[in-house]
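Here's the structure we're looking at; comments come further down.
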Amino acid sequence: MTFLTPFMLIGALAAGIPVVIHLFFRSRYRTVPWAAMKFLLTSVEQTSRRLKFQEMLLLLLRMTVLAMLAFAFARPISTVVRGSGRGDAVDAVFVFDLSYSMGAQDGAKARLQKAKDEAIKIIDELPPHSTVQIVTAAGKTKPEVHPRSPANLDQARTAVQNLDVFHLVTDLSAGVIKAKEVLDNGQAANKELYVFSDMQKMGFDAEAEKLKAMLTVIKEKSLVHFVRCGTHNPKNVSIVGITPQTGVPRPGERVGFAVLVKNTSRETVENLTVSLTVDGDEKNRETAKIESLGKGETRAVTLDGKLEKAGLRVLTARVGPDELEADNRFDHVILVREQVNILVVDGNYSEKDPEKASSFYLMHALLPVSEAARATYKYNPRVIPARLASPMLLKNQDVCILVNCSLQAKLGSRADVLQNDFVEALDPFVRKGKALMVFSGDNVRPEPYNKVLGKKLGLLPMPLKDPVKADKQPLRINRTSFGAGPPAYWIFKDEKFYENFNNVEVWQHVELDEAAAEREKDKKPAPKNEDEPGEPEKKSKTDDENPLSVIVRLNNGKPLVVSRKIDAGEVHFIATAAHPEGRDEKTANPNWSDFVTEIAFIPYMDVSINHLANGQTQTYNLVAGQTLSWYPADKQDYVYDLVYPDGKKSTRLGVPEKIGKRVVITAPDLPQAGIYRMTVNPRGNESTGEVIDAGAAAKTGIPIAVIPDLRESDDLTSLSEAEIDAKLGFTPIHIVAGEGLVFTGADRLNREWTVWALLAVLALVLFEVALAWWCGRAW
Amino acid sequence: MANYLHPDVIAKAQALGVKARTLVEGLRVGDHRSPYRGFSVEFVQHREYVPGDDIRHIDWKSYGRSDRYTIKQYEQETNFTAHLMVDASRSMLYGEGDTNKLEYAKVLTAALTYLIILQRDSVALDVFDAGWGERLPASGQMGHVHKILETLESVQPKDKNAMGPLIHDLASQVRRRGLFFLISDCFDDVESILGGLQHLRFGGHEVIVFHILHPDEMDFPFNGMVKFDAMEERMHLMTRPQLVRPTYLRALKKYLEDLQQGCERNRCDYVQVNTGRPLAETLTEYLARRLRTRVV
């Protein structure tokens, strides 16, 4: 219960007036000498208890009357009964869940349309002089508040009608927090909060405590309504990925793509059509039918797409029909190139005896073709000794592989040591989107690696510990552990063909400090130096995506290959050597491993290079709600604009910002899925108009593919009213949109208890008069 | 000397006189019938002679007519002694002016004294509170009125009322049957009072109780917050009188009923005297009633 005019409660102090009067009259008495004391005593003895009771009763009644009067003037309103104060103006705040599940069809209308209709009804029922403000809530985006003039209900109606879903997950907390702020600023005594949502479980689970705490505070002063905008679980399939079936797509090829389609609804969906287009070329669109897709089933549909030219190509897969349109489209940007340039830096290079070079087997794995075919092969590896490695050599390289490289000279060792400038050049190389692989070996000593690659440059996925040697039995690769790594490697777990991974013997490996890496992961990354204040924030986004993963483990549970995404790039560390590095004289067992001599090594390297090459497009492929952090290789002094998928809206991103040693363009919280285009203009010549030429942008702009946040449709479970009550810890007013249960003005009147309080006062007064009369003792 | 003999009271009461309703034993021949028959002038009856009778009382004329010895009996008229018991306890001080109970009692006492002496009867005065105060022996002299008035004037209430034992005391002191006037507010134990009255009646006395009450005591007309100071005790009571009035009046009524019924049981005259009412009216009304019920 709350009060519309709570200051009137001060009037409850008037309840003390009867007591004061009582004491006043008690102090004002007259003295009478009395002879017939005997009868007086008798009568007082007989009546005192009853009289006291009557007096107390009357006193209490009078106090209650005054207190009740103050209570009535304070205008109590129920927080349980629906509606608002008696015909008085209301400050209503509508929180609209704009996650894309609100776009699901629910009968004849979409959920959002139902919410809009219900909101318009509520606006129509509001008393005169009410205000309405609409707060959007979806994902982690900053809530928007409409309209500018809250008292203008026509504007509010228009704002409601203009609402559209974002391709984000349900998260009501930010919207509710904003709603509280808006409610607090409202001037009317009556405040009402309406949350229009499909009550998806995720919306209550995300920031559950914060949401609960905020709504609990709001309900103290406002009526909280939950308007359910959907009553049935929609049939839904979504596209969850597009994977090229050839490792590195090359221009002019017709490449097969596996389009992953998942049924996220609670029933089988039939007669689905899946299609794929490249760069929006509808003429060459390829389609496939899925007769039936079971509940929870994911199916890969292979569709071809012709990649005409090298460069960034946009793949668009669609599926349908179903009842939730928003996740039926999946855009993916791939980089089509002639070859993948790979720089192999060998720390144990030997021209005289190439077989003893640490990169010997690796180079064969990267070029498993004849001499004649090497020029046109997809990989273009080049090996150099460590001492010759220089930053210039990194130019135009896609992947750099360090093989048994030493970072610090060691007394008595003849190993080549990497130059400092080369090592430091690896940092921008990786962070701009390229890949680094590091193979272990005798020259890989933990201390300098941890110091330079780890702490200084932050390129090491995990801290290194001293090498561990197997005793009598070699360690072996745990093939099933590929399942916990990136999906590209799952093939090694699933396919029988790759059973020979079981034959790999690892006799020595560098131990990776997984526990330390986990601890580091939990910490918020600190700036590398004081002039990089904004970096941690930028990096945190990547951290949220779980950049650290163990690709494969040994049978002793220790990680063998680990990866870490670092800004736009990725680093792989292989804990064993790319060469047997000599054999034991007695047992002839390899000093490190025979991994590279096993047949499994070739597909392993192929998958790894593909993974790293495709991963270089990660800055072009985002999930809705993520921040775009784009690292321009050149044109760093240009002005960037971002054109939204609809081609109508654009945002000026400005000049790249320098953060530490790098420059970056950021666009926070892209809420809509689709293809964004980033345009570049020289400074001073940039377009001065607000509207960017969408047609030109589509041709020349850098494509950024944003897909819906698929967590939203992965679990479309809605909470029941009881479950919502349990999660919130109180019972809000539940309304089902479209069921005609929206309250009317008459309902609103029922909520204020003033009339009832005044009637109670009247009843009490009458009772007091009757009691006083009955006692025969009116004052 | 205060003027306790109000002319209008005397004038109205004198016409009615104070006649002893029952037989009184008097020393002198007066207006009152005497139980001692045989020697007076007023014939009452004949009866048969029995051995031992004084032969001087034999009616010889009757013997000549009936040849039987009969004795003539006469009724002798005597004067009587009226004992006026006046309550001078502190409770009698209640009331102001003419309604003051003690003053009212004094006027009543004076009036009765004058009337009784005027018809040649004797009057004794006994003033009391918790014990005996001033006491004047019986006298029929007109000068005795003056003494009584002086005595009444000098009465100053000091103590509370405890009349029951005093009535017993007086009843045991007075041998000769007479007339007892008890003038009091009777704020004592009813049983004790009735016990005393019964004792008096046992002695053959006629008893008249003048119960003096102030109108406030009968109506309890107070309002507001009142502190009642007890007049006979060191105590007080603060209350809202209007709240206790019904029970007060009920208690008073019961007390009056008990007292009145006790008096009637003992064949005593009970006269409730409201000091708000003129004494002449009260006294005249009582004497008239008394005349109507006079035993012949």
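Each chain in the structure tokens gets a letter, A, B and so on, in the order shown; residues start at 1 in every chain, and ligands are counted from 1 in the order they appear.
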
Find the residues of chain B that sit at most 6 Å from chain A; for each, write down the nearest two atoms and how far apart they are in Å, to one decimal. Count only C-alpha atoms. Sort by chain, then by number going up, and give it as JSON lines.
{"residue": "B:Ser91", "atom": "CA", "partner": "A:Ala35", "partner_atom": "CA", "distance": 4.7}
{"residue": "B:Met225", "atom": "CA", "partner": "A:Tyr29", "partner_atom": "CA", "distance": 4.7}
{"residue": "B:Val226", "atom": "CA", "partner": "A:Arg30", "partner_atom": "CA", "distance": 5.0}
{"residue": "B:Lys227", "atom": "CA", "partner": "A:Thr31", "partner_atom": "CA", "distance": 4.6}
{"residue": "B:Phe228", "atom": "CA", "partner": "A:Val32", "partner_atom": "CA", "distance": 4.9}
{"residue": "B:Asp229", "atom": "CA", "partner": "A:Pro33", "partner_atom": "CA", "distance": 4.5}
{"residue": "B:Ala230", "atom": "CA", "partner": "A:Trp34", "partner_atom": "CA", "distance": 5.1}
{"residue": "B:Met231", "atom": "CA", "partner": "A:Ala35", "partner_atom": "CA", "distance": 5.3}
{"residue": "B:Thr247", "atom": "CA", "partner": "A:Ser43", "partner_atom": "CA", "distance": 4.9}
{"residue": "B:Tyr248", "atom": "CA", "partner": "A:Ser43", "partner_atom": "CA", "distance": 5.1}
{"residue": "B:Ala251", "atom": "CA", "partner": "A:Phe39", "partner_atom": "CA", "distance": 5.8}

Residues as selected, C-alpha atoms, written as a CSV table (one decimal), in the first residue's frame, can you do that?
chain,number,residue,atom,x,y,z
B,91,SER,CA,-21.7,15.4,57.6
B,225,MET,CA,-14.4,16.4,36.8
B,226,VAL,CA,-15.1,16.7,40.5
B,227,LYS,CA,-12.9,15.9,43.5
B,228,PHE,CA,-15.1,14.9,46.4
B,229,ASP,CA,-13.6,15.5,49.8
B,230,ALA,CA,-15.1,13.3,52.5
B,231,MET,CA,-16.5,15.5,55.3
B,247,THR,CA,-25.1,3.6,40.6
B,248,TYR,CA,-25.0,6.3,43.3
B,251,ALA,CA,-27.1,2.8,46.3

Among range 112-194 of chain B, which ones does DSSP assign to alpha helix (DSSP H) (computed from the backbone)? Answer as an MDAnalysis selection string. chainID B and resid 112:118 143:154 163:173 190:194

Considering only C-alpha atoms, state which residue in the set B:Leu213, B:Leu287, B:Leu197, B:Leu252 is at the smallest distance from Met92 in chain B. B:Leu213

Which residues are close to range 316-332 of chain A, i.e. within 9 Å by only C-alpha atoms, leaving aside same-chain residues fewer than 2 positions away? Reply as a count of residues only. 50

Name all residues at most 6 Å from Lys72 in chain B (count only C-alpha atoms; drop same-chain ones fewer than 2 positions away) and give them as a VMD selection string. chain B and resid 46 57 59

Keeping all heavy atoms for every residue in the selection just given, could you write it to a file as a CSV table (one decimal), in the first residue's frame?
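Wrote part21.csv, looks like this:
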chain,number,residue,atom,x,y,z
B,46,HIS,N,-66.2,-1.3,82.6
B,46,HIS,CA,-66.4,-2.1,83.9
B,46,HIS,C,-65.7,-3.4,83.7
B,46,HIS,O,-65.5,-3.9,82.6
B,46,HIS,CB,-67.9,-2.4,84.1
B,46,HIS,CG,-68.7,-1.2,84.6
B,46,HIS,ND1,-69.4,-0.3,83.7
B,46,HIS,CD2,-68.9,-0.7,85.8
B,46,HIS,CE1,-70.0,0.6,84.4
B,46,HIS,NE2,-69.7,0.4,85.8
B,57,HIS,N,-63.2,1.0,94.4
B,57,HIS,CA,-63.6,1.2,93.0
B,57,HIS,C,-64.8,0.4,92.6
B,57,HIS,O,-65.1,0.4,91.4
B,57,HIS,CB,-62.4,0.8,92.2
B,57,HIS,CG,-61.2,1.7,92.4
B,57,HIS,ND1,-59.9,1.3,92.2
B,57,HIS,CD2,-61.2,3.0,92.8
B,57,HIS,CE1,-59.1,2.3,92.5
B,57,HIS,NE2,-59.9,3.4,92.9
B,59,ASP,N,-68.5,-0.4,91.7
B,59,ASP,CA,-69.6,0.4,91.3
B,59,ASP,C,-70.8,-0.1,92.0
B,59,ASP,O,-71.4,-1.1,91.6
B,59,ASP,CB,-69.7,0.4,89.8
B,59,ASP,CG,-70.7,1.3,89.2
B,59,ASP,OD1,-71.4,2.0,90.0
B,59,ASP,OD2,-70.8,1.5,88.0
